[in-house]
Each structure stands twice: as C-alpha cells, then as structure tokens.
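Take a look at the structure below.
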Amino acid sequence: MEKSVMKATTAGLSALAMLLLAAGGAAAAETSAKTTPNWTGIWTRVGSLNFDPTIPGAKWDTPPYNAEYQKRFDDILASEAKGLPINDRSANCEPPGIVRMMNMVYPMEILQTPGQVTIIAEWMGQIRRIFTDGRPHPDDPDPTYNGHSIGHWEGDKLIVDTVGLIGGGIIDDHGAPLGEKIHVMEKYWAEDPDKLKLEITVESPDALTRPMTAVKTFKRRKDIQIMEYACQQNNRNPVGADGVTGVILQ
Amino acid sequence: MRRAIFSAAVLAAAATAGAASAHHSFAMFDRSKEVVLTGVVKEFQWTNPHSWVQLTVPQPGGTSVEWSVESGSPSSLARQGWKRTSLKPGDAVTLTINPLRSGQPGGNFVSVKFADGRVLGRNSGSAPEGAGR
C-alpha cells in the first residue's frame, strides 16, 4: 500500500516536473521570440559597391592574395584599364555568388519566418535561405551559387555559416577573383531598428593568405519596393569568346 | 620600367573604376569623355538588366546613324523619377553620353535634354540609396 502511494507520488511528481519543464520551455521560447529582432523589410546598402563599403567606388579592395591570385587580379585590372573588362561572369546574367551579392548593388528584402531567415536581392532576384531551425550543413553539399546557410541567434545577433559554394566568382565589381574553395561567416546585428550591420568574413585558402573581413551597413527603406530584375530579358552586354564583356549594338 | 607601366595602368583603371558596377563592368565606356548627340528617339527599351535608348542621329548628306545608349535598370531609374514613357519614339532630344572606347556608335547614358528644355539625368557611381545603375 505504502509502496503504491509512493509510486503514485513519484508519477505525480514526474508529471508535475514535465509540466514545469514544458512551461519553462514555452517561457524560454517566448523570451526568444521577444528578444529576436524583426528585420523583415527592405534594406539598401550604405557606402560603395566594394567588399569593404568604406573604400570609395573609385578605388578597390586589396584582398590578401597569394602570388598566383595577385597576378590574376593585376591582369584583370590592367585589362579593365584598357577598356576590356574580363572576369565579369555576371555580365552573362550568371549569379555572382553570395560574396558579391552581399555588396548589394540594388536593395534586398529580408523575410523572417519560423526556422528561416530569407534574403531576397533585387539584383537578379537572388534568394538566400538561412536555416535557423537547428539543422546542420549536409555532409557533402552540392556546390551552388548561394551555398548552404545555417544560422542561430546569439542574443540579438544572427550568426550565419555558409558552405557548399561554387568556386570562382568575384569579390567586388572590379573583378577581384575568389578561389575555388570558399567559406563565408556572417554576423548580423541592428545598431538601431533601421540600421543593420553585417560583419562578413570570407575564407578562400587557395587564393587568400588570410580571411578577409568587412563590416557593411544597411539602411531600412520604407519608401521603396523591390522591382523585378529578370537579367535575361534584354542583356546586351554578354561576355564574348575572348572573355571580354561586350556591347550589342542595334 | 615595369613598375612605371603598372602604375600607368592603375591610374587609368582608377579613372574608369567609377564606371564599373551593376551586372557588368562599364570599362568599355570612356568616362573621361562626353559626346553630345542630337537626334530622334527610335526606341526606348525599358528592360532589365539595363534600359537602352536607340537614337537616330542625322548626318550631313541626308543619311543617319543609329546610336545605342545604355542606361540603368528600370528599378534604379524608377527610383530617380523615370518611367517607361519618359522617352517616346519620335521625341527630338539631345543626349549626353560617355562614348564606347571602340569608336562604335554606342555609349553610356549621362543625361537627356528635351525640346522644351527639360533635363533628365541619372545618378552615376554608387548611389548610397542603393539605386544601382
């Protein structure tokens, strides 16, 4: 008899503990929902189109290249100086990859939904899905232009890690090349509700001797909307067989 | 000597670097030069990734040359007050452009002056609002 009371009490305590745990969990989730900032909306970059937006547009980034990639970049700049732009794959409407995408030539829209933060760039209608539901990266992701992004909140900061990126591509609009191996780490936070900061770090060990980092600033824009940018509609600047971006005259 | 050549290349690149942007580099245009074209709009292509003005420019002797002038995306132009009807076929206009370095009849749009004196330009370089080009 005593034993069964004991059992019942234990069961009751367990049930109570579970209830308490559930309540605690719900409370924690509620706290998280309250403290997670809401960045849903339209944003435009502040500063130049360089990877480091504090470098004026008339200058360019100086990535810490190894000798091979420094030569490539020097050749690209020399060709551009002659009016023959090369290493310009987005001229063919090919997505540039997230490193240049996040320089944000045109506005971006951020959507926050349960388990996911989505970044839509007006430029080429590119979409980044950042999974915040706790899933890991796949073991062997297929290389894609925007890669596989997972994120988690640390207080009011969003920490994002991206792997599975297609090699090559460019860092900025001066054609600074990336290597074949690319890993991107990002930290987003709001300086105030209408000013978003992004610290972005790019590792590309076959091209860069050390990671590159820059801090970008985005301003909330309630006065504009995202418009369509279908790059294939009327692209009169294709890359020719010689690798040089051209102009189609009519 | 090699160093001097490299410096010259960098200087030249610096002069044109502001032209590079959007979905392709603009280095094919000579941003240090402006050419003024007086003619009649044949077509205004309000399209992505860039808008284009096809301008018929009369030549001495009764012939004409068609110029292709590249401008911004509809989104960037719309944010600067442009509409798809801002230029219409038949409009007599004066266009200022940065010409193609190749010497072919093409260029990068700088501004347009209408017959009634109105002027419509567009931002160049990196518009801080993210208007792009």
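Here's how to read the names in the structure tokens: chain A, B, ... by the order shown, residue numbers from 1 in each chain, ligand numbers from 1 in the order shown.
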Please, which residues of segment 9-90 of chain B, numbered as in this document, come out strand (DSSP E) from DSSP, as a list in words?
-> Val35, Val36, Leu37, Thr38, Gly39, Val40, Val41, Lys42, Glu43, Phe44, Gln45, Trp52, Val53, Gln54, Leu55, Thr56, Val57, Pro58, Ser64, Val65, Glu66, Trp67, Ser68, Val69 and Glu70 of chain B
What's the 6 Å shell around segment 175-190 of chain A, counting only C-alpha atoms, without same-chain residues fewer than 4 positions away, as a count of residues only?
-> 26
Given a cut-off of 7 Å, which residues of chain A touch chain B, counting only C-alpha atoms, written out as a VMD selection string?
-> chain A and resid 44 to 49 57 to 59 77 to 78 80 to 81 83 to 85 88 90 to 91 105 to 107 173 to 174 227 229 to 231 233 to 235 249 to 250
Go ahead and write the residues just picked, N, CA, C and O atoms, as a compact mmCIF listing (two decimals), in the first residue's frame.
# COMPACT_ATOMS: atom_id res chain seq x y z
N THR A 44 18.77 48.94 -48.04
CA THR A 44 19.77 49.25 -49.07
C THR A 44 21.12 49.49 -48.41
O THR A 44 21.20 49.93 -47.26
N ARG A 45 22.15 49.22 -49.17
CA ARG A 45 23.50 49.33 -48.62
C ARG A 45 23.85 50.81 -48.40
O ARG A 45 23.32 51.71 -49.05
N VAL A 46 24.80 51.04 -47.51
CA VAL A 46 25.39 52.36 -47.31
C VAL A 46 26.85 52.24 -47.74
O VAL A 46 27.53 51.30 -47.33
N GLY A 47 27.31 53.16 -48.57
CA GLY A 47 28.72 53.11 -48.99
C GLY A 47 28.88 52.59 -50.40
O GLY A 47 27.91 52.46 -51.15
N SER A 48 30.12 52.28 -50.75
CA SER A 48 30.44 51.89 -52.12
C SER A 48 30.05 50.45 -52.39
O SER A 48 29.64 49.72 -51.50
N LEU A 49 30.27 50.04 -53.64
CA LEU A 49 29.98 48.66 -54.05
C LEU A 49 31.15 47.72 -53.78
O LEU A 49 31.10 46.56 -54.15
N GLY A 57 34.22 54.11 -54.28
CA GLY A 57 33.98 53.37 -55.52
C GLY A 57 35.07 53.52 -56.55
O GLY A 57 35.28 52.65 -57.38
N ALA A 58 35.80 54.63 -56.50
CA ALA A 58 36.86 54.84 -57.48
C ALA A 58 38.12 54.04 -57.13
O ALA A 58 39.06 53.97 -57.91
N LYS A 59 38.14 53.43 -55.94
CA LYS A 59 39.24 52.55 -55.56
C LYS A 59 38.69 51.13 -55.46
O LYS A 59 37.54 50.90 -55.77
N LEU A 77 42.75 44.02 -63.65
CA LEU A 77 42.73 45.49 -63.54
C LEU A 77 43.38 46.13 -64.77
O LEU A 77 42.90 47.15 -65.28
N ALA A 78 44.48 45.53 -65.25
CA ALA A 78 45.17 46.09 -66.41
C ALA A 78 44.28 46.02 -67.64
O ALA A 78 44.23 46.95 -68.46
N GLU A 80 40.96 45.92 -67.63
CA GLU A 80 39.88 46.88 -67.44
C GLU A 80 40.35 48.29 -67.78
O GLU A 80 39.60 49.08 -68.38
N ALA A 81 41.60 48.58 -67.41
CA ALA A 81 42.14 49.93 -67.69
C ALA A 81 42.21 50.20 -69.18
O ALA A 81 42.17 51.34 -69.62
N GLY A 83 39.94 49.23 -71.16
CA GLY A 83 38.57 49.22 -71.66
C GLY A 83 38.09 47.84 -72.05
O GLY A 83 37.12 47.70 -72.79
N LEU A 84 38.81 46.80 -71.59
CA LEU A 84 38.46 45.43 -71.93
C LEU A 84 38.16 44.65 -70.64
O LEU A 84 39.01 43.91 -70.14
N PRO A 85 36.96 44.83 -70.07
CA PRO A 85 36.66 44.17 -68.80
C PRO A 85 36.59 42.64 -68.93
O PRO A 85 35.94 42.13 -69.84
N ASP A 88 34.02 38.73 -65.52
CA ASP A 88 32.82 39.51 -65.29
C ASP A 88 31.61 38.60 -65.55
O ASP A 88 30.75 38.92 -66.35
N SER A 90 28.89 37.81 -64.19
CA SER A 90 27.51 38.24 -64.05
C SER A 90 27.04 39.06 -65.25
O SER A 90 25.85 39.28 -65.43
N ALA A 91 27.99 39.52 -66.10
CA ALA A 91 27.60 40.18 -67.35
C ALA A 91 26.76 39.24 -68.21
O ALA A 91 25.94 39.68 -69.01
N VAL A 105 24.24 45.66 -54.75
CA VAL A 105 24.14 46.74 -55.74
C VAL A 105 22.77 47.40 -55.65
O VAL A 105 22.64 48.62 -55.65
N TYR A 106 21.75 46.57 -55.59
CA TYR A 106 20.36 47.01 -55.53
C TYR A 106 19.83 46.62 -54.15
O TYR A 106 20.51 45.96 -53.37
N PRO A 107 18.58 47.00 -53.82
CA PRO A 107 18.07 46.71 -52.48
C PRO A 107 17.91 45.21 -52.21
O PRO A 107 17.94 44.38 -53.13
N ASP A 173 32.99 44.61 -57.71
CA ASP A 173 32.69 44.91 -59.10
C ASP A 173 33.91 45.33 -59.90
O ASP A 173 33.79 45.74 -61.03
N HIS A 174 35.09 45.19 -59.32
CA HIS A 174 36.32 45.39 -60.09
C HIS A 174 36.88 44.06 -60.56
O HIS A 174 37.98 44.01 -61.12
N MET A 227 11.64 45.67 -57.16
CA MET A 227 11.10 45.51 -58.52
C MET A 227 11.73 44.29 -59.19
O MET A 227 12.73 43.77 -58.73
N TYR A 229 13.87 42.06 -61.64
CA TYR A 229 15.16 42.19 -62.32
C TYR A 229 15.43 40.86 -63.02
O TYR A 229 16.13 40.00 -62.50
N ALA A 230 14.78 40.69 -64.15
CA ALA A 230 14.97 39.46 -64.92
C ALA A 230 16.11 39.72 -65.90
O ALA A 230 15.93 40.33 -66.95
N CYS A 231 17.30 39.24 -65.53
CA CYS A 231 18.52 39.63 -66.24
C CYS A 231 18.55 39.16 -67.69
O CYS A 231 19.21 39.74 -68.53
N GLN A 233 16.16 39.23 -69.77
CA GLN A 233 15.15 39.89 -70.61
C GLN A 233 15.77 40.55 -71.85
O GLN A 233 15.30 40.37 -72.96
N ASN A 234 16.80 41.34 -71.64
CA ASN A 234 17.38 42.11 -72.75
C ASN A 234 18.84 42.41 -72.43
O ASN A 234 19.24 43.56 -72.28
N ASN A 235 19.63 41.33 -72.28
CA ASN A 235 21.03 41.55 -71.91
C ASN A 235 21.87 41.84 -73.14
O ASN A 235 22.16 40.94 -73.93
N LEU A 249 25.23 46.30 -80.36
CA LEU A 249 24.65 47.49 -80.98
C LEU A 249 23.49 47.07 -81.86
O LEU A 249 23.41 45.92 -82.29
N GLN A 250 22.59 47.99 -82.12
CA GLN A 250 21.45 47.64 -82.98
C GLN A 250 21.33 48.62 -84.13
O GLN A 250 21.85 49.71 -84.05
Excluding Phe44 of chain B and residues on its chain fewer than 4 positions from it, collect all residues at most 9 Å away from it, counting only C-alpha atoms, and give them as number ranges by chain.
-> B: 51-55, 84-89
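Of note, atom CA of Arg122 of chain B and atom CA of Phe109 of chain B are spaced 8.2 Å apart.
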Tell me, as a ChimeraX atom specification, which residues lie within 8 Å of Ala115 of chain B, counting only C-alpha atoms; anything in the same chain fewer than 2 positions away does not count.
-> /B:92-93,113,117-118
Since we have the selection now, will you write its residues out, keeping all heavy atoms, as a PDB file, in the first residue's frame?
ATOM      1  N   ALA B  92      12.274  64.392 -80.127  1.00  0.00           N
ATOM      2  CA  ALA B  92      13.533  65.035 -80.545  1.00  0.00           C
ATOM      3  C   ALA B  92      14.295  65.411 -79.282  1.00  0.00           C
ATOM      4  O   ALA B  92      13.787  66.154 -78.445  1.00  0.00           O
ATOM      5  CB  ALA B  92      13.227  66.274 -81.377  1.00  0.00           C
ATOM      6  N   VAL B  93      15.479  64.844 -79.120  1.00  0.00           N
ATOM      7  CA  VAL B  93      16.216  65.040 -77.869  1.00  0.00           C
ATOM      8  C   VAL B  93      17.708  65.256 -78.137  1.00  0.00           C
ATOM      9  O   VAL B  93      18.215  64.952 -79.215  1.00  0.00           O
ATOM     10  CB  VAL B  93      16.077  63.813 -76.928  1.00  0.00           C
ATOM     11  CG1 VAL B  93      14.640  63.639 -76.460  1.00  0.00           C
ATOM     12  CG2 VAL B  93      16.604  62.554 -77.589  1.00  0.00           C
ATOM     13  N   LYS B 113      18.258  66.005 -72.781  1.00  0.00           N
ATOM     14  CA  LYS B 113      17.602  67.316 -72.793  1.00  0.00           C
ATOM     15  C   LYS B 113      16.499  67.253 -73.844  1.00  0.00           C
ATOM     16  O   LYS B 113      16.740  66.887 -75.001  1.00  0.00           O
ATOM     17  CB  LYS B 113      18.619  68.406 -73.140  1.00  0.00           C
ATOM     18  CG  LYS B 113      18.048  69.808 -73.004  1.00  0.00           C
ATOM     19  CD  LYS B 113      19.166  70.843 -73.205  1.00  0.00           C
ATOM     20  CE  LYS B 113      18.603  72.252 -73.010  1.00  0.00           C
ATOM     21  NZ  LYS B 113      19.613  73.263 -73.332  1.00  0.00           N
ATOM     22  N   GLY B 117      13.360  71.935 -73.131  1.00  0.00           N
ATOM     23  CA  GLY B 117      14.388  72.382 -72.204  1.00  0.00           C
ATOM     24  C   GLY B 117      14.522  71.545 -70.944  1.00  0.00           C
ATOM     25  O   GLY B 117      15.472  71.713 -70.179  1.00  0.00           O
ATOM     26  N   ARG B 118      13.562  70.625 -70.720  1.00  0.00           N
ATOM     27  CA  ARG B 118      13.676  69.776 -69.529  1.00  0.00           C
ATOM     28  C   ARG B 118      14.915  68.894 -69.648  1.00  0.00           C
ATOM     29  O   ARG B 118      15.271  68.433 -70.734  1.00  0.00           O
ATOM     30  CB  ARG B 118      12.460  68.849 -69.391  1.00  0.00           C
ATOM     31  CG  ARG B 118      11.224  69.488 -68.788  1.00  0.00           C
ATOM     32  CD  ARG B 118      10.106  68.460 -68.673  1.00  0.00           C
ATOM     33  NE  ARG B 118       9.828  67.803 -69.942  1.00  0.00           N
ATOM     34  CZ  ARG B 118       9.773  66.470 -70.104  1.00  0.00           C
ATOM     35  NH1 ARG B 118       9.978  65.663 -69.090  1.00  0.00           N
ATOM     36  NH2 ARG B 118       9.503  65.956 -71.291  1.00  0.00           N
TER      37      ARG B 118
END
Quick one: residues within 8 Å of segment 129-146 of chain A, only C-alpha atoms counted, chain neighbours fewer than 4 positions away excluded, as a ChimeraX atom specification?
-> /A:95-98,114-119,150-153,160,163-166
Point out the residue among A:Thr209, A:Gln232, A:Thr36, A:Thr62 with the least atom-to-atom distance to Pro193 of chain A, counting only C-alpha atoms.
->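 Smallest separation from Pro193 of chain A among the options: A:Thr36.
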Atom CA of Val36 of chain B and atom CA of Gln80 of chain B are how many Å apart?
->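 Atom-to-atom, atom CA of Val36 of chain B to atom CA of Gln80 of chain B, that is 21.9 Å.
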